[in-house]
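Have a look at coords-v2.cif; it's mmCIF, C-alpha atoms:
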data_target
loop_
_atom_site.group_PDB
_atom_site.id
_atom_site.type_symbol
_atom_site.label_atom_id
_atom_site.label_comp_id
_atom_site.auth_asym_id
_atom_site.auth_seq_id
_atom_site.Cartn_x
_atom_site.Cartn_y
_atom_site.Cartn_z
ATOM 1 C CA MET B 201 23.453 -7.846 0.057
ATOM 2 C CA LEU B 202 22.740 -7.840 -3.646
ATOM 3 C CA LYS B 203 24.428 -5.200 -5.695
ATOM 4 C CA ILE B 204 22.785 -2.361 -7.577
ATOM 5 C CA GLU B 205 24.625 -1.549 -10.798
ATOM 6 C CA LYS B 206 24.442 1.453 -13.092
ATOM 7 C CA ARG B 207 24.976 0.836 -16.790
ATOM 8 C CA MET B 208 24.526 3.427 -19.501
ATOM 9 C CA GLY B 209 22.435 5.587 -17.181
ATOM 10 C CA LEU B 210 20.120 2.726 -16.161
ATOM 11 C CA ILE B 211 19.831 1.012 -12.787
ATOM 12 C CA MET B 212 20.318 -2.767 -12.900
ATOM 13 C CA LEU B 213 19.476 -5.135 -10.073
ATOM 14 C CA LYS B 214 20.256 -8.851 -10.061
ATOM 15 C CA LEU B 215 17.851 -11.100 -8.213
ATOM 16 C CA GLN B 216 19.214 -14.579 -7.557
ATOM 17 C CA THR B 217 16.318 -16.228 -5.713
ATOM 18 C CA LEU B 218 12.586 -16.040 -5.110
ATOM 19 C CA GLU B 219 13.454 -14.555 -1.709
ATOM 20 C CA ASP B 220 15.241 -11.687 -3.501
ATOM 21 C CA THR B 221 12.137 -11.075 -5.613
ATOM 22 C CA ASN B 222 9.976 -11.065 -2.489
ATOM 23 C CA ARG B 223 12.377 -8.658 -0.774
ATOM 24 C CA LEU B 224 12.133 -6.264 -3.731
ATOM 25 C CA ALA B 225 8.336 -6.594 -3.720
ATOM 26 C CA SER B 226 8.311 -5.785 -0.016
ATOM 27 C CA ALA B 227 10.430 -2.685 -0.611
ATOM 28 C CA ILE B 228 8.113 -1.514 -3.395
ATOM 29 C CA GLY B 229 4.981 -2.062 -1.316
ATOM 30 C CA ALA B 230 6.495 -0.301 1.689
ATOM 31 C CA VAL B 231 7.329 2.902 -0.201
ATOM 32 C CA ALA B 232 4.562 3.052 -2.821
ATOM 33 C CA LEU B 233 2.345 6.108 -2.714
ATOM 34 C CA ALA B 234 -1.081 6.742 -4.165
ATOM 35 C CA GLY B 235 -0.620 7.769 -7.791
ATOM 36 C CA ASP B 236 2.556 5.736 -8.413
ATOM 37 C CA ASN B 237 2.574 3.729 -11.642
ATOM 38 C CA LEU B 238 4.754 0.644 -12.103
ATOM 39 C CA VAL B 239 5.085 -0.958 -15.537
ATOM 40 C CA LEU B 240 6.400 -4.535 -15.577
ATOM 41 C CA THR B 241 7.928 -5.732 -18.829
ATOM 42 C CA GLY B 242 9.543 -9.040 -19.748
ATOM 43 C CA ASP B 243 8.974 -12.429 -21.301
ATOM 44 C CA LEU B 244 6.321 -14.839 -20.043
ATOM 45 C CA GLY B 245 7.333 -16.483 -16.785
ATOM 46 C CA THR B 246 9.962 -13.956 -15.752
ATOM 47 C CA GLY B 247 8.263 -12.973 -12.486
ATOM 48 C CA LYS B 248 5.920 -10.079 -13.183
ATOM 49 C CA THR B 249 2.927 -11.617 -11.398
ATOM 50 C CA THR B 250 5.139 -13.053 -8.645
ATOM 51 C CA LEU B 251 6.460 -9.554 -7.935
ATOM 52 C CA THR B 252 2.905 -8.169 -7.924
ATOM 53 C CA LYS B 253 1.811 -10.813 -5.411
ATOM 54 C CA GLY B 254 4.641 -9.761 -3.105
ATOM 55 C CA ILE B 255 3.772 -6.080 -3.502
ATOM 56 C CA ALA B 256 0.159 -6.849 -2.574
ATOM 57 C CA LYS B 257 1.271 -8.739 0.522
ATOM 58 C CA SER B 258 3.491 -5.821 1.540
ATOM 59 C CA LEU B 259 0.536 -3.451 1.128
ATOM 60 C CA GLY B 260 -1.483 -5.606 3.538
ATOM 61 C CA ILE B 261 -3.649 -7.293 0.919
ATOM 62 C CA HIS B 262 -4.309 -10.878 1.943
ATOM 63 C CA ARG B 263 -6.553 -12.058 -0.881
ATOM 64 C CA THR B 264 -5.252 -14.328 -3.606
ATOM 65 C CA ILE B 265 -3.661 -12.265 -6.362
ATOM 66 C CA LYS B 266 -4.342 -13.607 -9.847
ATOM 67 C CA SER B 267 -3.120 -12.333 -13.167
ATOM 68 C CA PRO B 268 -5.902 -10.262 -14.740
ATOM 69 C CA THR B 269 -5.061 -11.530 -18.237
ATOM 70 C CA TYR B 270 -8.683 -11.818 -19.338
ATOM 71 C CA THR B 271 -10.271 -9.192 -17.087
ATOM 72 C CA ILE B 272 -7.536 -6.582 -17.737
ATOM 73 C CA ILE B 273 -7.884 -4.962 -14.277
ATOM 74 C CA ARG B 274 -8.249 -6.375 -10.778
ATOM 75 C CA GLU B 275 -8.819 -3.960 -7.913
ATOM 76 C CA TYR B 276 -7.620 -4.692 -4.382
ATOM 77 C CA LEU B 277 -8.877 -1.957 -2.095
ATOM 78 C CA GLU B 278 -8.201 -3.358 1.381
ATOM 79 C CA GLY B 279 -4.487 -2.557 1.720
ATOM 80 C CA ARG B 280 -2.556 0.460 2.992
ATOM 81 C CA ILE B 281 -3.328 1.973 -0.407
ATOM 82 C CA PRO B 282 -5.410 0.398 -3.177
ATOM 83 C CA LEU B 283 -3.632 -1.812 -5.693
ATOM 84 C CA TYR B 284 -4.796 -1.745 -9.295
ATOM 85 C CA HIS B 285 -3.286 -4.757 -11.027
ATOM 86 C CA MET B 286 -3.508 -4.633 -14.803
ATOM 87 C CA ASP B 287 -2.451 -7.082 -17.470
ATOM 88 C CA VAL B 288 -2.715 -5.577 -20.935
ATOM 89 C CA TYR B 289 -1.132 -8.476 -22.828
ATOM 90 C CA ARG B 290 -4.364 -9.148 -24.724
ATOM 91 C CA VAL B 291 -5.218 -5.499 -25.421
ATOM 92 C CA GLU B 292 -4.515 -5.044 -29.111
ATOM 93 C CA ASN B 293 -6.439 -1.910 -30.004
ATOM 94 C CA GLY B 294 -8.394 0.746 -28.203
ATOM 95 C CA ALA B 295 -6.268 0.939 -25.055
ATOM 96 C CA SER B 296 -7.011 4.654 -24.833
ATOM 97 C CA ASP B 297 -10.745 3.813 -24.656
ATOM 98 C CA LEU B 298 -10.396 1.624 -21.535
ATOM 99 C CA GLY B 299 -10.354 4.543 -19.076
ATOM 100 C CA LEU B 300 -7.029 3.480 -17.603
ATOM 101 C CA ASP B 301 -5.973 7.083 -17.020
ATOM 102 C CA GLU B 302 -8.509 7.265 -14.176
ATOM 103 C CA TYR B 303 -6.479 4.560 -12.434
ATOM 104 C CA PHE B 304 -3.117 6.090 -13.359
ATOM 105 C CA GLU B 305 -4.059 9.352 -11.689
ATOM 106 C CA GLY B 306 -6.017 7.731 -8.875
ATOM 107 C CA ASP B 307 -5.715 6.914 -5.211
ATOM 108 C CA GLY B 308 -3.615 3.761 -5.429
ATOM 109 C CA LEU B 309 -0.625 1.998 -6.900
ATOM 110 C CA CYS B 310 -1.034 0.822 -10.494
ATOM 111 C CA VAL B 311 0.982 -2.235 -11.471
ATOM 112 C CA ILE B 312 0.718 -2.754 -15.212
ATOM 113 C CA GLU B 313 2.014 -6.029 -16.624
ATOM 114 C CA TRP B 314 2.990 -5.748 -20.285
ATOM 115 C CA GLY B 315 2.481 -1.983 -19.988
ATOM 116 C CA ASN B 316 4.937 -1.384 -22.802
ATOM 117 C CA LEU B 317 2.199 -2.630 -25.149
ATOM 118 C CA LEU B 318 0.007 0.361 -24.232
ATOM 119 C CA GLN B 319 2.285 2.729 -26.149
ATOM 120 C CA GLU B 320 0.500 6.118 -26.285
ATOM 121 C CA ALA B 321 -2.032 5.021 -23.629
ATOM 122 C CA LEU B 322 0.734 4.696 -21.006
ATOM 123 C CA PRO B 323 0.641 7.220 -18.177
ATOM 124 C CA LEU B 324 2.953 10.189 -18.668
ATOM 125 C CA ASP B 325 4.857 9.362 -15.490
ATOM 126 C CA TYR B 326 5.771 5.760 -14.664
ATOM 127 C CA LEU B 327 8.558 3.517 -13.428
ATOM 128 C CA GLU B 328 9.315 0.563 -15.679
ATOM 129 C CA LEU B 329 10.956 -2.632 -14.474
ATOM 130 C CA THR B 330 12.162 -4.889 -17.260
ATOM 131 C CA PHE B 331 12.674 -8.535 -16.280
ATOM 132 C CA LYS B 332 15.271 -10.654 -18.034
ATOM 133 C CA ARG B 333 16.198 -14.256 -17.283
ATOM 134 C CA THR B 334 19.856 -14.958 -16.700
ATOM 135 C CA GLU B 335 21.777 -18.161 -17.242
ATOM 136 C CA GLU B 336 22.878 -18.400 -13.594
ATOM 137 C CA THR B 337 19.923 -20.259 -12.046
ATOM 138 C CA GLU B 338 16.271 -20.937 -12.830
ATOM 139 C CA GLN B 339 15.161 -18.145 -10.472
ATOM 140 C CA ALA B 340 17.856 -15.590 -11.335
ATOM 141 C CA ARG B 341 16.624 -12.410 -12.994
ATOM 142 C CA GLU B 342 18.178 -9.138 -14.025
ATOM 143 C CA LEU B 343 15.894 -6.140 -13.577
ATOM 144 C CA THR B 344 16.412 -2.844 -15.326
ATOM 145 C CA PHE B 345 14.796 0.237 -13.800
ATOM 146 C CA SER B 346 13.728 3.014 -16.139
ATOM 147 C CA ALA B 347 12.030 6.091 -14.683
ATOM 148 C CA HIS B 348 9.827 8.137 -16.988
ATOM 149 C CA GLY B 349 9.070 11.391 -15.188
ATOM 150 C CA LYS B 350 9.791 13.106 -11.871
ATOM 151 C CA ARG B 351 7.318 11.093 -9.812
ATOM 152 C CA ALA B 352 8.759 7.850 -11.218
ATOM 153 C CA SER B 353 12.292 9.017 -10.397
ATOM 154 C CA ASP B 354 11.207 9.687 -6.818
ATOM 155 C CA PHE B 355 9.512 6.267 -6.644
ATOM 156 C CA GLN B 356 12.675 4.583 -7.938
ATOM 157 C CA LYS B 357 14.783 6.433 -5.380
ATOM 158 C CA ARG B 358 12.492 5.361 -2.518
ATOM 159 C CA ILE B 359 12.584 1.726 -3.667
ATOM 160 C CA LEU B 360 16.378 1.626 -3.984
ATOM 161 C CA GLU B 361 16.883 3.346 -0.627
ATOM 162 C CA ARG B 362 14.602 0.789 1.022
ATOM 163 C CA TRP B 363 16.355 -2.063 -0.831
ATOM 164 C CA SER B 364 19.756 -0.856 0.354
ATOM 165 C CA ALA B 365 18.696 -0.323 3.974
#
What does the file become when written as structure tokens?
Amino acid sequence: MLKIEKRMGLIMLKLQTLEDTNRLASAIGAVALAGDNLVLTGDLGTGKTTLTKGIAKSLGIHRTIKSPTYTIIREYLEGRIPLYHMDVYRVENGASDLGLDEYFEGDGLCVIEWGNLLQEALPLDYLELTFKRTEETEQARELTFSAHGKRASDFQKRILERWSA
């Protein structure tokens, strides 16, 4: 079993393989509740969309999941709960005018790639996962969990309990 570490008050999780990433995605999808917000941060190619694809599969969504880089939001309504997949990499100005708060407070799970770029337009309560490549292998990643708010703390706890089970 992969180890969960705590450093300077943050939760760190090392993923060694694509299977580890899929296992985490499965845990997230299994415990996600309507109204949860997940912000994915990290360099290009670190696994944000791969994780989202696994979350969708765990929610029972069987359509092809594509990065919404140019459309900003893709809605997948056929799962256990709706999945709202956002990629705000190309949003430079006017994020607060996009109406994202309707999704953040809605009936599904919001997964926001590059959410850190939203700044003041971020939801008040969200769980952030920061992806970082490691030198170990091509697929190895270190994820840092950062909960912003009570709901996010509860979401993080549910994910880590499921991961450790």
Which residues of stretch 223-313 of chain B have any atom within 10 Å of an atom in stretch 333-357 of chain B when counting all atoms listed in the file, and what is the closest pair of atoms for each, with the distance in Å to one decimal? Order the rows by chain and rising number and write it as a tab-separated table.
residue	atom	partner	partner_atom	distance
B:Ile228	CA	B:Phe355	CA	8.5
B:Val231	CA	B:Phe355	CA	7.6
B:Ala232	CA	B:Phe355	CA	7.0
B:Leu233	CA	B:Phe355	CA	8.2
B:Gly235	CA	B:Arg351	CA	8.8
B:Asp236	CA	B:Ala352	CA	7.1
B:Asn237	CA	B:Ala352	CA	7.4
B:Leu238	CA	B:Ala352	CA	8.3
B:Val239	CA	B:Ser346	CA	9.5
B:Leu240	CA	B:Phe345	CA	9.8
B:Thr241	CA	B:Leu343	CA	9.6
B:Gly242	CA	B:Arg333	CA	8.8
B:Asp243	CA	B:Arg333	CA	8.5
B:Gly245	CA	B:Arg333	CA	9.2
B:Thr246	CA	B:Arg333	CA	6.4
B:Gly247	CA	B:Arg341	CA	8.4
Report as a ChimeraX atom specification all protein, DNA and RNA residues lying within 12 Å of B:Tyr276, evaluated on all atoms listed in the file, omitting residues in the same chain fewer than 3 positions from it. /B:252-253,255-257,259-266,268,273,279-286,307-311
Figure out the distance between atom CA of B:Asp301 and atom CA of B:Asp325, please, to one decimal in Å.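 According to the coordinates, atom CA of B:Asp325 and atom CA of B:Asp301 are separated by 11.2 Å.
Residues matched by the PyMOL selection byres ((chain B and resi 219) around 12) in this file are Leu202, Leu215, Gln216, Thr217, Leu218, Asp220, Thr221, Asn222, Arg223, Leu224, Ala225, Ser226, Thr250, Leu251, Gly254, Gln339, Ala340 and Arg341 of chain B.
Here atom CA of B:Gly315 and atom CA of B:Val288 stand 6.4 Å from one another.
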Computed interatomic separation between atom CA of B:Tyr326 and atom CA of B:Met212 (Å):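 Atom-to-atom, atom CA of B:Tyr326 to atom CA of B:Met212, that is 17.0 Å.
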Work out where the centre of an axis-aligned box around every listed atom of stretch 232-248 of chain B lies and how long its edges are once 6 Å is added on each side; give both in Å to one decimal as JSON.
{"center_x": 4.4, "center_y": -4.4, "center_z": -12.0, "size_x": 23.0, "size_y": 36.3, "size_z": 30.6}
